[in-house]
Amino acid sequence: MTDEKDANAQQDVQRWLVTPGEVITEERVKLGPGVYVQDGKVIAKVLGLAELRNGMARVVPLEGNYVPKQGDTVVGIVVDVKIPGYDVDINSPYKAFLPRDQVREPLEYGDVIVATVRFVDEVKNSVIENARKLEGGELIYIASPRVPRVIGKNASMITNIKNLTGSRVIVGANGRIWIKGGYSDIARDAIYKIEREAHTHGLTDRIAEYIKDRISESESNGEEGKEN
Amino acid sequence: MAKKAKKIDIRSDGREFDELREIKIQAGVLDQADGSARVDWGITMKRIAVSEKTYNKVESLREQFYIIPRGKGGKKYLVDVPAKLLDKIGDEFGDYEVVGEHFKGNVAIVAVHGPREPIPRHVADPYRAVLRFRYTMAPFSVPERKRPAPGRREIEISKVSREALQGVVFANEYPMTAIDIFAELLSADAGTRVTAITAASVALADAGIPMKDLVAAVAVGRAYGHLVADLTKFEEDAPDAVDFPMAVVPRTEEITLAQMDGRIAKKDLDELVELGIKKAKEISALQRQALKEKYQRVVENEQ
């Protein structure tokens, strides 16, 4: 291991890969998401990264479909236009409904929007609000549990990507990401790289390096192109 | 009634009596599924070339050993012999020459889709996700063509496999949805339901579905007077055969699938249950390793 990696490992809380049924700890701790208790043992219930921090055990999942939560920002696609509002596909087994008074201009079938989850009912169907239409750009999909890595601590990762590539990026908690402008192809590749390496350490620095390399590469190619 | 069978001290494929076949598990093999797994579960067969005289003798060995004559190839006669058996009774074949090697056993590919919208919608349960399991065998998976239509056997296996997994899935976290498991057997040589269940629990974990534990399944039983783990088709056809497929939640040692063919003494049955749990724990370690390897591979490729 290099020194840089060591430093990163110390900064981050210790995390390790667990599969369902693996014991995380036998001590009494607070229960976070992704764990259950049996016979006094705290056990992982999903495939993911186990974490023991501030007396709380949890497993950050690596796979799984999106389930809406109140307050999430989601990127959706309009799939039905009705009189009281719109049915929106939010990349989830559950439907979302967008009341008509939550949009400025009428939407059409197929429009891409970004909105906030206002309310989730007992069977997880949701009502979303404050919708804004996204024009143009590119829509990519990643595994929704890995979205927090794309955003980073205090949005450090996503700020980095936006600043370096000059792209507009909107990340939905449901795993849909909208990218427009700037070096959008590099932003896209960087996000896919984050998705693949979501379970590794020192990702923010590695991604920044990756983007810088790719940009300088494409700039030097561009100059050569001009010369010819 | 169990017929009398000679007690033979070398296992028909050369394994130890409590030894599993070779098991290879891979997680995340399909792109379109939310989670997937492939399990290759079988023995290595060696194809050897022998003289005509030895070939005629092979017929008598076939009564107790998993040996398959393959007819004349070139000037020599060909016989398929399990690699482990060849190590033990190689002398019986005189001056033989190994001409090939192949896999004989079960291959299962399992895809998990979901949680997703249940279709038809009326099966949806407002309190929990419905689990659906479809077991199918490819027409070419067995020596005689298997008719592809699901019959009595497939429907039964689908049901018991679903029930083997149902108890460990936290289905209440996904109300009004369906979790679909598709298990496809590409090759079969006894113990396909346990192969399918073992693969399905890896695929469920790979799909990110919350579970109490990974269910591991194995068949135990009796063949030629011995209590054995992980029977082959040859052993299943033994005159005194007992076939006892079981699925185990390894951490709590709960049994979620238990079926049995044949007649057996209570004492032996108790021993089989114990053996099955022990073997299931071995399989469970392989399942966890397979899931972790998927992520380990990424780290190696990208750095």
# chains A, B, ... in the order shown; residues from 1 in each chain; ligands from 1
>>> interface_residues(of="chain B", to="chain A", cutoff="7 Å", atoms="only C-alpha atoms", output="PyMOL selection string")
chain B and resi 115-117+126+175-177+205-214+288+298-299
>>> select_by_dssp(residues="range 24-263 of chain B", states="alpha helix (DSSP H)", output="VMD selection string")
chain B and resid 52 to 61 83 to 89 152 to 166 192 to 206 233 to 236
>>> residues_around(residues="range 131-139 of chain B", least_positions_apart="3", cutoff="9 Å", atoms="only C-alpha atoms", output="short mmCIF file (atom, residue, chain, number, x, y, z; two decimals) with N, CA, C and O atoms, in the first residue's frame")
data_model
loop_
_atom_site.label_atom_id
_atom_site.label_comp_id
_atom_site.auth_asym_id
_atom_site.auth_seq_id
_atom_site.Cartn_x
_atom_site.Cartn_y
_atom_site.Cartn_z
N VAL B 142 -29.62 -33.48 -20.16
CA VAL B 142 -29.56 -34.89 -19.75
C VAL B 142 -29.34 -35.77 -20.98
O VAL B 142 -29.57 -35.32 -22.11
N GLU B 144 -30.96 -38.36 -22.42
CA GLU B 144 -32.14 -38.43 -23.28
C GLU B 144 -32.75 -37.05 -23.34
O GLU B 144 -32.88 -36.40 -22.30
N ARG B 145 -33.16 -36.60 -24.52
CA ARG B 145 -33.74 -35.27 -24.62
C ARG B 145 -34.88 -35.08 -23.62
O ARG B 145 -35.77 -35.93 -23.51
N LYS B 146 -34.80 -33.98 -22.88
CA LYS B 146 -35.87 -33.69 -21.95
C LYS B 146 -36.88 -32.80 -22.64
O LYS B 146 -36.49 -31.79 -23.23
N ARG B 147 -38.15 -33.16 -22.55
CA ARG B 147 -39.16 -32.29 -23.17
C ARG B 147 -39.17 -30.95 -22.45
O ARG B 147 -39.22 -30.91 -21.23
N PRO B 148 -39.11 -29.85 -23.20
CA PRO B 148 -38.93 -28.56 -22.56
C PRO B 148 -40.13 -28.06 -21.74
O PRO B 148 -39.97 -27.17 -20.90
N ALA B 149 -41.30 -28.60 -21.97
CA ALA B 149 -42.47 -28.09 -21.23
C ALA B 149 -42.33 -28.41 -19.74
O ALA B 149 -41.92 -29.51 -19.39
N PRO B 150 -42.63 -27.45 -18.86
CA PRO B 150 -42.55 -27.76 -17.43
C PRO B 150 -43.59 -28.80 -17.06
O PRO B 150 -44.76 -28.65 -17.38
N GLU B 154 -40.88 -30.23 -12.56
CA GLU B 154 -40.40 -28.85 -12.55
C GLU B 154 -41.25 -27.99 -11.63
O GLU B 154 -40.74 -27.12 -10.92
N ILE B 155 -42.57 -28.23 -11.67
CA ILE B 155 -43.47 -27.43 -10.85
C ILE B 155 -43.18 -27.71 -9.37
O ILE B 155 -43.12 -26.80 -8.54
N ILE B 157 -40.31 -28.80 -8.04
CA ILE B 157 -39.00 -28.27 -7.64
C ILE B 157 -39.08 -26.75 -7.50
O ILE B 157 -38.51 -26.17 -6.56
N SER B 158 -39.80 -26.09 -8.39
CA SER B 158 -39.96 -24.65 -8.28
C SER B 158 -40.59 -24.29 -6.95
O SER B 158 -40.17 -23.35 -6.27
N LYS B 159 -41.59 -25.06 -6.57
CA LYS B 159 -42.31 -24.77 -5.31
C LYS B 159 -41.39 -24.98 -4.10
O LYS B 159 -41.29 -24.10 -3.24
N SER B 161 -38.18 -25.06 -3.93
CA SER B 161 -37.04 -24.14 -3.94
C SER B 161 -37.47 -22.77 -3.47
O SER B 161 -36.75 -22.11 -2.71
N ARG B 162 -38.65 -22.35 -3.91
CA ARG B 162 -39.16 -21.05 -3.48
C ARG B 162 -39.32 -21.05 -1.97
O ARG B 162 -38.91 -20.12 -1.28
N GLU B 163 -39.89 -22.14 -1.46
CA GLU B 163 -40.12 -22.20 -0.01
C GLU B 163 -38.82 -22.30 0.77
O GLU B 163 -38.74 -21.84 1.91
N LEU B 165 -36.22 -20.64 0.11
CA LEU B 165 -35.62 -19.30 0.18
C LEU B 165 -36.52 -18.28 0.86
O LEU B 165 -36.05 -17.28 1.40
N GLN B 166 -37.84 -18.56 0.84
CA GLN B 166 -38.82 -17.59 1.33
C GLN B 166 -38.54 -17.14 2.76
O GLN B 166 -38.66 -15.97 3.09
N VAL B 169 -35.71 -14.27 3.17
CA VAL B 169 -35.81 -12.96 2.52
C VAL B 169 -36.66 -12.01 3.37
O VAL B 169 -37.72 -12.40 3.83
N ALA B 171 -39.03 -9.94 3.01
CA ALA B 171 -39.94 -9.54 1.95
C ALA B 171 -40.79 -8.33 2.34
O ALA B 171 -41.27 -7.60 1.48
N THR B 177 -44.64 -5.74 -4.52
CA THR B 177 -43.69 -6.03 -5.60
C THR B 177 -43.53 -7.54 -5.75
O THR B 177 -44.04 -8.31 -4.94
N ALA B 178 -42.81 -7.93 -6.78
CA ALA B 178 -42.48 -9.34 -6.98
C ALA B 178 -40.98 -9.48 -7.14
O ALA B 178 -40.33 -8.62 -7.73
N ILE B 179 -40.43 -10.53 -6.56
CA ILE B 179 -39.03 -10.88 -6.79
C ILE B 179 -39.05 -12.18 -7.58
O ILE B 179 -39.54 -13.20 -7.12
N ASP B 180 -38.56 -12.10 -8.81
CA ASP B 180 -38.61 -13.27 -9.71
C ASP B 180 -37.25 -13.92 -9.79
O ASP B 180 -36.25 -13.25 -10.03
N ILE B 181 -37.23 -15.23 -9.58
CA ILE B 181 -35.98 -15.99 -9.68
C ILE B 181 -36.15 -17.00 -10.82
O ILE B 181 -37.12 -17.76 -10.83
N PHE B 182 -35.23 -16.95 -11.76
CA PHE B 182 -35.26 -17.89 -12.87
C PHE B 182 -34.02 -18.77 -12.79
O PHE B 182 -32.91 -18.28 -12.87
N ALA B 183 -34.23 -20.06 -12.60
CA ALA B 183 -33.09 -20.99 -12.52
C ALA B 183 -33.11 -21.88 -13.75
O ALA B 183 -34.10 -22.55 -14.03
N GLU B 184 -32.05 -21.84 -14.50
CA GLU B 184 -31.96 -22.61 -15.74
C GLU B 184 -30.83 -23.62 -15.60
O GLU B 184 -29.70 -23.26 -15.33
N LEU B 185 -31.17 -24.90 -15.76
CA LEU B 185 -30.14 -25.94 -15.66
C LEU B 185 -29.65 -26.28 -17.06
O LEU B 185 -30.44 -26.70 -17.91
N LEU B 186 -28.37 -26.05 -17.30
CA LEU B 186 -27.81 -26.32 -18.63
C LEU B 186 -27.26 -27.73 -18.70
O LEU B 186 -27.06 -28.29 -19.77
N SER B 187 -26.94 -28.28 -17.54
CA SER B 187 -26.38 -29.61 -17.49
C SER B 187 -26.82 -30.22 -16.17
O SER B 187 -26.91 -29.51 -15.17
N ALA B 188 -27.13 -31.51 -16.18
CA ALA B 188 -27.67 -32.12 -14.97
C ALA B 188 -27.04 -33.47 -14.71
O ALA B 188 -26.84 -34.26 -15.64
N ARG B 193 -31.70 -29.58 -7.89
CA ARG B 193 -32.45 -28.62 -7.09
C ARG B 193 -31.54 -27.94 -6.07
O ARG B 193 -31.68 -26.76 -5.81
N ALA B 196 -29.53 -25.37 -7.90
CA ALA B 196 -30.35 -24.20 -8.21
C ALA B 196 -30.54 -23.31 -6.98
O ALA B 196 -30.43 -22.09 -7.07
#
>>> atom_distance(atom1="CA of Met56 in chain A", atom2="CA of Gly202 in chain A")
22.8 Å
>>> residues_around(residues="Gly42 in chain B", least_positions_apart="5", cutoff="12 Å", atoms="only C-alpha atoms", output="list of chain:residue names")
B:Asp13, B:Arg15, B:Glu19, B:Leu20, B:Arg21, B:Glu22, B:Ile23, B:Lys24, B:Ile25, B:Pro82, B:Ala83, B:His102, B:Phe103, B:Lys104, B:Gly105, B:Asn106, B:Val107, B:Ala108, B:Ser187, B:Ala188, B:Asp189, B:Ala190, B:Gly191, B:Thr192, B:Thr195, B:Asp230, B:Leu231, B:Thr232, B:Lys233
>>> atom_distance(atom1="CA of Val123 in chain B", atom2="CA of Lys69 in chain A")
24.8 Å
>>> closest_residue(among="B:Leu30, B:Ala247, B:Ala265, B:Val215", to="Ala200 in chain B", atoms="only C-alpha atoms")
B:Val215
>>> atom_distance(atom1="CA of Met157 in chain A", atom2="CA of Val78 in chain A")
28.9 Å
>>> closest_residue(among="A:Val75, A:Ile90, A:Gly55, A:Ser216", to="Ile179 in chain A", atoms="only C-alpha atoms")
A:Val75
>>> residues_around(residues="Val29 in chain A", least_positions_apart="6", cutoff="10 Å", atoms="only C-alpha atoms", output="MDAnalysis selection string")
chainID A and resid 41:42 52:58
>>> select_by_dssp(residues="range 12-250 of chain B", states="strand (DSSP E or B)", output="PyMOL selection string")
chain B and resi 22-27+35-50+68-73+76-82+97-116+130-137+169+178-187+211+216-223+226-229+242-249
>>> closest_residue(among="B:Glu235, B:Glu101, B:Asp95, B:Asp18", to="Lys279 in chain B", atoms="only C-alpha atoms")
B:Asp18
>>> residues_around(residues="Ile215 in chain A", least_positions_apart="3", cutoff="8 Å", atoms="only C-alpha atoms", output="JSON, numbers by chain")
{"A": [165, 183, 186, 211, 212, 218, 219]}
